[in-house]
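J.: What follows is start32.csv, made up of CSV, C-alpha atoms and all ligand atoms:
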```csv
chain,number,residue,atom,x,y,z
F,1,MET,CA,-38.1,10.1,-1.7
F,2,GLU,CA,-37.7,13.8,-2.9
F,3,ASN,CA,-40.0,15.0,0.0
F,4,ILE,CA,-37.8,13.1,2.5
F,5,PHE,CA,-34.6,14.5,1.0
F,6,ASP,CA,-36.1,18.1,1.1
F,7,GLN,CA,-37.2,17.6,4.6
F,8,LEU,CA,-33.7,16.6,5.6
F,9,ILE,CA,-32.1,19.5,3.8
F,10,ASP,CA,-34.6,22.0,5.1
F,11,SER,CA,-34.1,21.0,8.7
F,12,TYR,CA,-30.3,21.2,8.1
F,13,LEU,CA,-30.7,24.7,6.7
F,14,ILE,CA,-32.8,25.9,9.7
F,15,HIS,CA,-31.2,24.0,12.6
F,16,HIS,CA,-27.6,23.2,11.4
F,17,VAL,CA,-28.4,19.6,12.0
F,18,GLY,CA,-30.9,17.9,9.7
F,19,ILE,CA,-33.1,15.1,11.0
F,20,SER,CA,-35.4,12.9,8.9
F,21,ASP,CA,-37.2,10.1,10.6
F,22,HIS,CA,-38.2,7.9,7.6
F,23,PHE,CA,-35.1,8.0,5.4
F,24,LEU,CA,-34.6,4.2,5.6
F,25,SER,CA,-37.7,2.0,5.3
F,26,ASP,CA,-38.2,-0.3,8.3
F,27,LYS,CA,-37.4,-3.2,6.0
F,28,LEU,CA,-34.1,-1.8,4.8
F,29,ALA,CA,-33.1,-0.7,8.3
F,30,GLY,CA,-33.9,-4.2,9.6
F,31,SER,CA,-31.9,-5.9,6.9
F,32,LEU,CA,-28.9,-3.6,7.5
F,33,LYS,CA,-29.2,-4.2,11.2
F,34,ASP,CA,-29.2,-8.0,10.6
F,35,ASN,CA,-26.0,-7.6,8.5
F,36,LEU,CA,-24.3,-5.6,11.2
F,37,ASN,CA,-25.4,-8.1,13.9
F,38,GLU,CA,-24.0,-10.9,11.8
F,39,LEU,CA,-20.7,-9.1,11.2
F,40,TYR,CA,-20.5,-8.6,14.9
F,41,SER,CA,-21.2,-12.2,15.8
F,42,ILE,CA,-18.6,-13.6,13.4
F,43,GLY,CA,-16.0,-11.1,14.7
F,44,ASN,CA,-15.5,-9.1,11.5
F,45,LEU,CA,-15.7,-5.6,13.1
F,46,THR,CA,-12.6,-3.7,14.1
F,47,SER,CA,-12.1,-1.1,16.8
F,48,ALA,CA,-12.6,2.3,15.3
F,49,ARG,CA,-9.6,4.6,15.0
F,50,ILE,CA,-9.3,8.3,15.4
F,51,GLY,CA,-7.4,10.7,13.1
F,52,ASN,CA,-5.8,10.0,9.7
F,53,ASP,CA,-2.2,10.9,10.2
F,54,GLU,CA,0.9,9.4,11.9
F,55,ASN,CA,-0.8,9.8,15.3
F,56,ALA,CA,-3.9,7.9,14.1
F,57,GLY,CA,-4.9,4.8,16.1
F,58,VAL,CA,-7.3,3.2,18.4
F,59,ASN,CA,-8.0,5.2,21.6
F,60,LYS,CA,-10.7,3.6,23.7
F,61,LEU,CA,-10.8,6.7,26.0
F,62,VAL,CA,-12.0,8.7,23.0
F,63,ARG,CA,-14.2,6.2,21.1
F,64,SER,CA,-15.0,2.6,21.8
F,65,ASP,CA,-17.2,1.6,18.8
F,66,LYS,CA,-16.4,-1.2,16.4
F,67,ILE,CA,-16.8,-0.6,12.6
F,68,PHE,CA,-16.9,-2.3,9.2
F,69,TRP,CA,-16.8,-0.4,5.9
F,70,LEU,CA,-19.6,-0.9,3.4
F,71,ASP,CA,-18.4,-1.7,-0.1
F,72,LYS,CA,-20.0,-2.3,-3.5
F,73,SER,CA,-17.7,-5.2,-3.9
F,74,HIS,CA,-19.5,-7.1,-1.2
F,75,GLU,CA,-22.4,-7.6,-3.6
F,76,ASP,CA,-24.8,-7.5,-0.7
F,77,LYS,CA,-28.3,-6.6,-1.9
F,78,PHE,CA,-29.0,-4.5,1.2
F,79,GLU,CA,-25.8,-2.5,1.0
F,80,ASP,CA,-26.5,-2.0,-2.7
F,81,ALA,CA,-30.0,-0.7,-1.9
F,82,PHE,CA,-28.5,1.6,0.6
F,83,PHE,CA,-25.9,2.9,-1.9
F,84,LEU,CA,-28.7,3.5,-4.5
F,85,LEU,CA,-30.6,5.6,-2.0
F,86,ILE,CA,-27.4,7.6,-1.2
F,87,ASP,CA,-26.8,8.1,-5.0
F,88,GLU,CA,-30.3,9.4,-5.3
F,89,PHE,CA,-29.8,11.7,-2.4
F,90,ILE,CA,-26.6,13.1,-3.7
F,91,LEU,CA,-28.1,13.8,-7.2
F,92,HIS,CA,-30.9,15.7,-5.4
F,93,LEU,CA,-28.5,17.6,-3.1
F,94,ASN,CA,-26.1,18.5,-5.9
F,95,SER,CA,-28.9,19.7,-8.2
F,96,THR,CA,-30.8,21.7,-5.6
F,97,CYS,CA,-27.9,23.0,-3.5
F,98,PHE,CA,-24.9,23.0,-5.8
F,99,THR,CA,-22.9,21.1,-3.3
F,100,GLY,CA,-20.5,19.4,-5.7
F,101,ILE,CA,-20.4,16.0,-3.9
F,102,THR,CA,-18.3,13.6,-5.9
F,103,GLY,CA,-17.9,10.6,-3.6
F,104,TYR,CA,-18.7,9.0,-0.3
F,105,GLU,CA,-17.7,6.4,2.3
F,106,PHE,CA,-19.9,4.7,4.9
F,107,HIS,CA,-19.2,2.3,7.7
F,108,TYR,CA,-21.4,0.2,10.0
F,109,ALA,CA,-20.8,1.1,13.7
F,110,PHE,CA,-21.6,-1.1,16.7
F,111,TYR,CA,-21.4,0.5,20.1
F,112,GLU,CA,-21.5,-2.3,22.7
F,113,ALA,CA,-23.1,-1.4,26.1
F,114,GLY,CA,-20.7,0.9,27.9
F,115,SER,CA,-19.4,2.5,24.6
F,116,PHE,CA,-19.2,6.2,23.6
F,117,TYR,CA,-17.5,8.6,21.3
F,118,LYS,CA,-16.2,11.8,23.0
F,119,ARG,CA,-16.8,15.3,21.6
F,120,HIS,CA,-15.1,15.7,18.2
F,121,ILE,CA,-15.4,17.1,14.7
F,122,ASP,CA,-15.4,14.8,11.6
F,123,GLN,CA,-13.2,16.7,9.3
F,124,PHE,CA,-9.5,16.0,9.5
F,125,ASN,CA,-7.0,18.9,9.6
F,126,SER,CA,-4.9,17.5,6.7
F,127,ASN,CA,-7.8,16.5,4.5
F,128,LYS,CA,-10.9,18.5,3.9
F,129,ASP,CA,-12.7,16.0,1.6
F,130,ARG,CA,-15.4,15.2,4.1
F,131,ALA,CA,-18.1,17.8,3.4
F,132,PHE,CA,-21.2,16.4,5.1
F,133,THR,CA,-21.7,13.7,7.7
F,134,VAL,CA,-24.7,11.4,7.3
F,135,ILE,CA,-25.7,9.0,10.1
F,136,PHE,CA,-28.5,6.3,10.0
F,137,TYR,CA,-29.7,4.6,13.2
F,138,LEU,CA,-30.8,1.0,13.3
F,139,ASN,CA,-32.3,0.6,16.8
F,140,GLU,CA,-35.8,-0.4,17.3
F,141,ASN,CA,-37.6,0.4,20.6
F,142,TRP,CA,-35.0,2.8,21.9
F,143,VAL,CA,-35.9,4.7,25.0
F,144,TYR,CA,-34.3,7.6,26.8
F,145,ALA,CA,-32.9,5.5,29.6
F,146,ASP,CA,-30.9,3.5,26.9
F,147,GLY,CA,-28.6,6.5,26.6
F,148,GLY,CA,-26.5,6.6,23.4
F,149,GLN,CA,-27.9,9.9,22.3
F,150,LEU,CA,-26.0,12.0,19.7
F,151,CYS,CA,-25.2,15.2,21.5
F,152,VAL,CA,-24.7,18.1,19.0
F,153,HIS,CA,-23.0,21.3,20.1
F,154,PHE,CA,-23.6,24.5,18.3
F,155,GLU,CA,-22.4,27.8,19.7
F,156,ASP,CA,-23.6,27.6,23.3
F,157,THR,CA,-26.5,25.3,22.6
F,158,MET,CA,-26.6,21.5,22.9
F,159,GLN,CA,-29.1,19.2,21.3
F,160,LEU,CA,-29.7,15.6,22.3
F,161,ILE,CA,-30.9,13.3,19.5
F,162,ALA,CA,-32.0,9.7,20.1
F,163,PRO,CA,-30.7,7.0,17.8
F,164,LEU,CA,-34.1,5.9,16.6
F,165,ASN,CA,-34.6,3.3,13.9
F,166,GLY,CA,-34.7,4.7,10.4
F,167,ARG,CA,-33.7,8.2,11.5
F,168,CYS,CA,-31.2,10.0,9.4
F,169,ILE,CA,-28.9,12.9,10.6
F,170,PHE,CA,-27.2,15.3,8.3
F,171,PHE,CA,-24.7,18.1,9.1
F,172,LYS,CA,-21.6,19.8,7.7
F,173,SER,CA,-18.5,17.9,8.8
F,174,SER,CA,-16.3,20.9,9.4
F,175,GLU,CA,-18.9,22.7,11.4
F,176,LEU,CA,-20.5,20.8,14.2
F,177,GLU,CA,-18.8,19.3,17.3
F,178,HIS,CA,-20.7,16.3,18.5
F,179,GLU,CA,-20.4,13.2,20.7
F,180,VAL,CA,-22.1,9.9,21.4
F,181,LEU,CA,-23.2,9.6,25.0
F,182,LEU,CA,-22.6,6.4,26.9
F,183,THR,CA,-24.9,3.7,25.7
F,184,MET,CA,-26.6,1.2,28.0
F,185,LYS,CA,-27.5,-1.2,25.2
F,186,PRO,CA,-25.9,-2.2,21.9
F,187,ARG,CA,-26.3,0.8,19.6
F,188,LEU,CA,-26.2,0.1,15.9
F,189,SER,CA,-25.8,2.6,13.0
F,190,ILE,CA,-24.3,3.4,9.7
F,191,THR,CA,-22.2,6.6,9.5
F,192,GLY,CA,-20.6,8.1,6.5
F,193,TRP,CA,-19.3,11.2,4.7
F,194,LEU,CA,-20.3,12.9,1.5
F,195,LYS,CA,-17.0,14.1,-0.1
F,196,THR,CA,-15.8,16.7,-2.5
F,197,ASN,CA,-12.4,16.9,-4.3
F,198,LEU,CA,-11.6,20.2,-2.7
F,199,VAL,CA,-8.2,20.4,-1.1
F,201,LIG,C1,-18.9,9.4,14.1
F,201,LIG,C2,-20.0,9.9,14.9
F,201,LIG,C3,-22.3,9.8,15.7
F,201,LIG,C4,-23.4,8.8,16.0
F,201,LIG,O1,-18.9,8.2,13.8
F,201,LIG,O2,-18.0,10.2,13.7
F,201,LIG,O3,-19.9,11.0,15.4
F,201,LIG,O4,-24.5,9.3,16.4
F,201,LIG,N1,-21.2,9.2,15.1
F,201,LIG,O5,-23.2,7.6,15.8
F,202,MN,MN,-18.5,12.1,14.3
```
Turn this file's structure into structure tokens for me.
T.:
Amino acid sequence: MENIFDQLIDSYLIHHVGISDHFLSDKLAGSLKDNLNELYSIGNLTSARIGNDENAGVNKLVRSDKIFWLDKSHEDKFEDAFFLLIDEFILHLNSTCFTGITGYEFHYAFYEAGSFYKRHIDQFNSNKDRAFTVIFYLNENWVYADGGQLCVHFEDTMQLIAPLNGRCIFFKSSELEHEVLLTMKPRLSITGWLKTNLV
């Protein structure tokens, strides 16, 4: 995995947004996708919220995805395999880049057809714990006409990234404005944040 981790970090250092296409094996991506489809079909997902203060809440004009937080207490073997991979990545990141990551949080995200997430930044004003954003896509056979691209804004450039199966995206949470363009098909992913204890 070290090569894949280095590839992700190197592409982040060069382009501000790191992309690695084989971070998740097809098998693990498929199992996590099955988990998410199951959570969706039994109605366990909740509408995602924006913000973390007294104004926080659901605003479907800003984002219309549905989420579910992964947790070690679920004792789900695929979530556990995912967390092991993240632990390994953090060890590598901290030892090669002195990033001081001490924790993380991840949620599944399900964008039904017609969903989107308008341009935003992931770090909250009142809480700077989120150091890096990491996103994993769980969509087989995605084509351009399916929409749902991640659009990353940097200075006056814009980059469209397709949510392809197994692909991992990595960027600094305080730095990059980004949005999820309207998706024409259900769009599945896991999104999370690597955190520091800095205030
Ligand atoms: C987010 C987000 C992007 C994506 O959940 O904060 O920006 O491509 N997700 O799913
Ligand atoms: Mn975001």
J.: Out of F:Asn94, F:Thr191, F:Ser41, F:Thr183, which residue has the shortest atom-to-atom distance to ligand MN 202 (chain F) when counting all atoms listed in the file?
T.: F:Thr191
J.: Between F:Ser73, F:Arg187, F:Val62, F:Glu155, which residue has the minimum interatomic distance to ligand MN 202 (chain F), considering all atoms listed in the file?
T.: F:Val62
J.: So which one's closest to ligand LIG 201 (chain F), F:Asn125, F:Ser64, F:Thr99, F:Asn141? Using only C-alpha atoms and all ligand atoms, please.
T.: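 Ranked by minimum distance to ligand LIG 201 (chain F), first place goes to F:Ser64.
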J.: Identify, counting only C-alpha atoms and all ligand atoms, the protein, DNA and RNA residues located within 9 Å of ligand LIG 201 (chain F), and give them as a PyMOL selection string.
T.: chain F and resi 48+63+65+107+109-111+116-122+133-137+148-151+161-163+169+177-181+187-192
J.: Take the selection from the previous step and output its residues with C-alpha atoms, as an mmCIF file, in the frame of the given file.
T.:
```cif
data_model
loop_
_atom_site.group_PDB
_atom_site.id
_atom_site.type_symbol
_atom_site.label_atom_id
_atom_site.label_comp_id
_atom_site.auth_asym_id
_atom_site.auth_seq_id
_atom_site.Cartn_x
_atom_site.Cartn_y
_atom_site.Cartn_z
ATOM 1 C CA ALA F 48 -12.600 2.300 15.300
ATOM 2 C CA ARG F 63 -14.200 6.200 21.100
ATOM 3 C CA ASP F 65 -17.200 1.600 18.800
ATOM 4 C CA HIS F 107 -19.200 2.300 7.700
ATOM 5 C CA ALA F 109 -20.800 1.100 13.700
ATOM 6 C CA PHE F 110 -21.600 -1.100 16.700
ATOM 7 C CA TYR F 111 -21.400 0.500 20.100
ATOM 8 C CA PHE F 116 -19.200 6.200 23.600
ATOM 9 C CA TYR F 117 -17.500 8.600 21.300
ATOM 10 C CA LYS F 118 -16.200 11.800 23.000
ATOM 11 C CA ARG F 119 -16.800 15.300 21.600
ATOM 12 C CA HIS F 120 -15.100 15.700 18.200
ATOM 13 C CA ILE F 121 -15.400 17.100 14.700
ATOM 14 C CA ASP F 122 -15.400 14.800 11.600
ATOM 15 C CA THR F 133 -21.700 13.700 7.700
ATOM 16 C CA VAL F 134 -24.700 11.400 7.300
ATOM 17 C CA ILE F 135 -25.700 9.000 10.100
ATOM 18 C CA PHE F 136 -28.500 6.300 10.000
ATOM 19 C CA TYR F 137 -29.700 4.600 13.200
ATOM 20 C CA GLY F 148 -26.500 6.600 23.400
ATOM 21 C CA GLN F 149 -27.900 9.900 22.300
ATOM 22 C CA LEU F 150 -26.000 12.000 19.700
ATOM 23 C CA CYS F 151 -25.200 15.200 21.500
ATOM 24 C CA ILE F 161 -30.900 13.300 19.500
ATOM 25 C CA ALA F 162 -32.000 9.700 20.100
ATOM 26 C CA PRO F 163 -30.700 7.000 17.800
ATOM 27 C CA ILE F 169 -28.900 12.900 10.600
ATOM 28 C CA GLU F 177 -18.800 19.300 17.300
ATOM 29 C CA HIS F 178 -20.700 16.300 18.500
ATOM 30 C CA GLU F 179 -20.400 13.200 20.700
ATOM 31 C CA VAL F 180 -22.100 9.900 21.400
ATOM 32 C CA LEU F 181 -23.200 9.600 25.000
ATOM 33 C CA ARG F 187 -26.300 0.800 19.600
ATOM 34 C CA LEU F 188 -26.200 0.100 15.900
ATOM 35 C CA SER F 189 -25.800 2.600 13.000
ATOM 36 C CA ILE F 190 -24.300 3.400 9.700
ATOM 37 C CA THR F 191 -22.200 6.600 9.500
ATOM 38 C CA GLY F 192 -20.600 8.100 6.500
#
```
J.: Rank F:Gln159, F:Ser11, F:Gln123, F:Ser31 by their smallest atom-to-atom distance to ligand MN 202 (chain F), using only C-alpha atoms and all ligand atoms, and report the top residue only.
T.: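 Of F:Gln159, F:Ser11, F:Gln123, F:Ser31, the one nearest ligand MN 202 (chain F) is F:Gln123, counting only C-alpha atoms and all ligand atoms.
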J.: Choose the residue, out of F:Gly30, F:Gly166, F:Gly51, F:Gly43, that has the smallest atom-to-atom separation from ligand MN 202 (chain F); count only C-alpha atoms and all ligand atoms.
T.: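 Nearest candidate to ligand MN 202 (chain F) out of F:Gly30, F:Gly166, F:Gly51, F:Gly43: F:Gly51.
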J.: Which of these, F:Pro186, F:Asn59, F:Leu176, F:Gly100, has the shortest distance to Met158 (chain F) once you count all atoms listed in the file?
T.: F:Leu176
J.: So the first atom is CA of Ser20 (chain F) and the second is CA of Trp69 (chain F); what is the distance between them in Å, to one decimal place?
T.: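 Between CA of Ser20 (chain F) and CA of Trp69 (chain F) the gap works out to 23.1 Å.
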J.: For a test of reading the model, state the distance in Å between CA of Ser173 (chain F) and CA of Lys72 (chain F), rounded to one decimal.
T.: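 The value is 23.7 Å.
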J.: Please report the interatomic distance between CA of Thr96 (chain F) and CA of Gln7 (chain F) in Å with one decimal.
T.: 12.7 Å
J.: Would you fill out region 130-149 of chain F with N, CA, C and O atoms and return it as a compact mmCIF listing (two decimals), in the frame of the given file?
T.:
```txt
# COMPACT_ATOMS: atom_id res chain seq x y z
N ARG F 130 -14.14 15.55 3.49
CA ARG F 130 -15.40 15.20 4.10
C ARG F 130 -16.26 16.52 4.20
O ARG F 130 -15.98 17.39 5.02
N ALA F 131 -17.30 16.62 3.37
CA ALA F 131 -18.10 17.80 3.40
C ALA F 131 -19.32 17.70 4.31
O ALA F 131 -19.61 18.60 5.08
N PHE F 132 -20.02 16.57 4.22
CA PHE F 132 -21.20 16.40 5.10
C PHE F 132 -21.14 15.00 5.75
O PHE F 132 -20.71 14.01 5.14
N THR F 133 -21.59 14.98 6.99
CA THR F 133 -21.70 13.70 7.70
C THR F 133 -23.18 13.27 7.63
O THR F 133 -24.10 14.09 7.76
N VAL F 134 -23.35 11.99 7.38
CA VAL F 134 -24.70 11.40 7.30
C VAL F 134 -24.71 10.18 8.22
O VAL F 134 -23.84 9.32 8.11
N ILE F 135 -25.68 10.11 9.12
CA ILE F 135 -25.70 9.00 10.10
C ILE F 135 -27.15 8.37 10.00
O ILE F 135 -28.14 9.10 9.94
N PHE F 136 -27.20 7.06 10.01
CA PHE F 136 -28.50 6.30 10.00
C PHE F 136 -28.51 5.42 11.23
O PHE F 136 -27.56 4.66 11.46
N TYR F 137 -29.61 5.45 11.96
CA TYR F 137 -29.70 4.60 13.20
C TYR F 137 -30.56 3.37 12.88
O TYR F 137 -31.54 3.41 12.14
N LEU F 138 -30.15 2.28 13.54
CA LEU F 138 -30.80 1.00 13.30
C LEU F 138 -31.23 0.34 14.60
O LEU F 138 -30.93 -0.82 14.88
N ASN F 139 -31.92 1.13 15.42
CA ASN F 139 -32.30 0.60 16.80
C ASN F 139 -33.78 0.74 17.01
O ASN F 139 -34.32 1.84 17.15
N GLU F 140 -34.40 -0.42 17.06
CA GLU F 140 -35.80 -0.40 17.30
C GLU F 140 -36.07 -0.27 18.84
O GLU F 140 -35.25 -0.68 19.65
N ASN F 141 -37.21 0.33 19.20
CA ASN F 141 -37.60 0.40 20.60
C ASN F 141 -36.60 1.08 21.49
O ASN F 141 -36.33 0.58 22.59
N TRP F 142 -35.98 2.16 21.04
CA TRP F 142 -35.00 2.80 21.90
C TRP F 142 -35.68 3.80 22.80
O TRP F 142 -36.56 4.54 22.37
N VAL F 143 -35.32 3.76 24.09
CA VAL F 143 -35.90 4.70 25.00
C VAL F 143 -34.84 5.56 25.67
O VAL F 143 -33.65 5.20 25.61
N TYR F 144 -35.24 6.66 26.27
CA TYR F 144 -34.30 7.60 26.80
C TYR F 144 -33.26 7.00 27.73
O TYR F 144 -32.07 7.29 27.66
N ALA F 145 -33.74 6.08 28.59
CA ALA F 145 -32.90 5.50 29.60
C ALA F 145 -31.79 4.58 28.93
O ALA F 145 -30.80 4.21 29.57
N ASP F 146 -31.94 4.26 27.65
CA ASP F 146 -30.90 3.50 26.90
C ASP F 146 -29.67 4.29 26.67
O ASP F 146 -28.63 3.74 26.29
N GLY F 147 -29.77 5.62 26.82
CA GLY F 147 -28.60 6.50 26.60
C GLY F 147 -28.26 6.53 25.11
O GLY F 147 -29.13 6.45 24.25
N GLY F 148 -26.95 6.66 24.82
CA GLY F 148 -26.50 6.60 23.40
C GLY F 148 -26.96 7.74 22.55
O GLY F 148 -26.90 7.63 21.32
N GLN F 149 -27.41 8.84 23.16
CA GLN F 149 -27.90 9.90 22.30
C GLN F 149 -26.69 10.57 21.58
O GLN F 149 -25.55 10.59 22.08
```
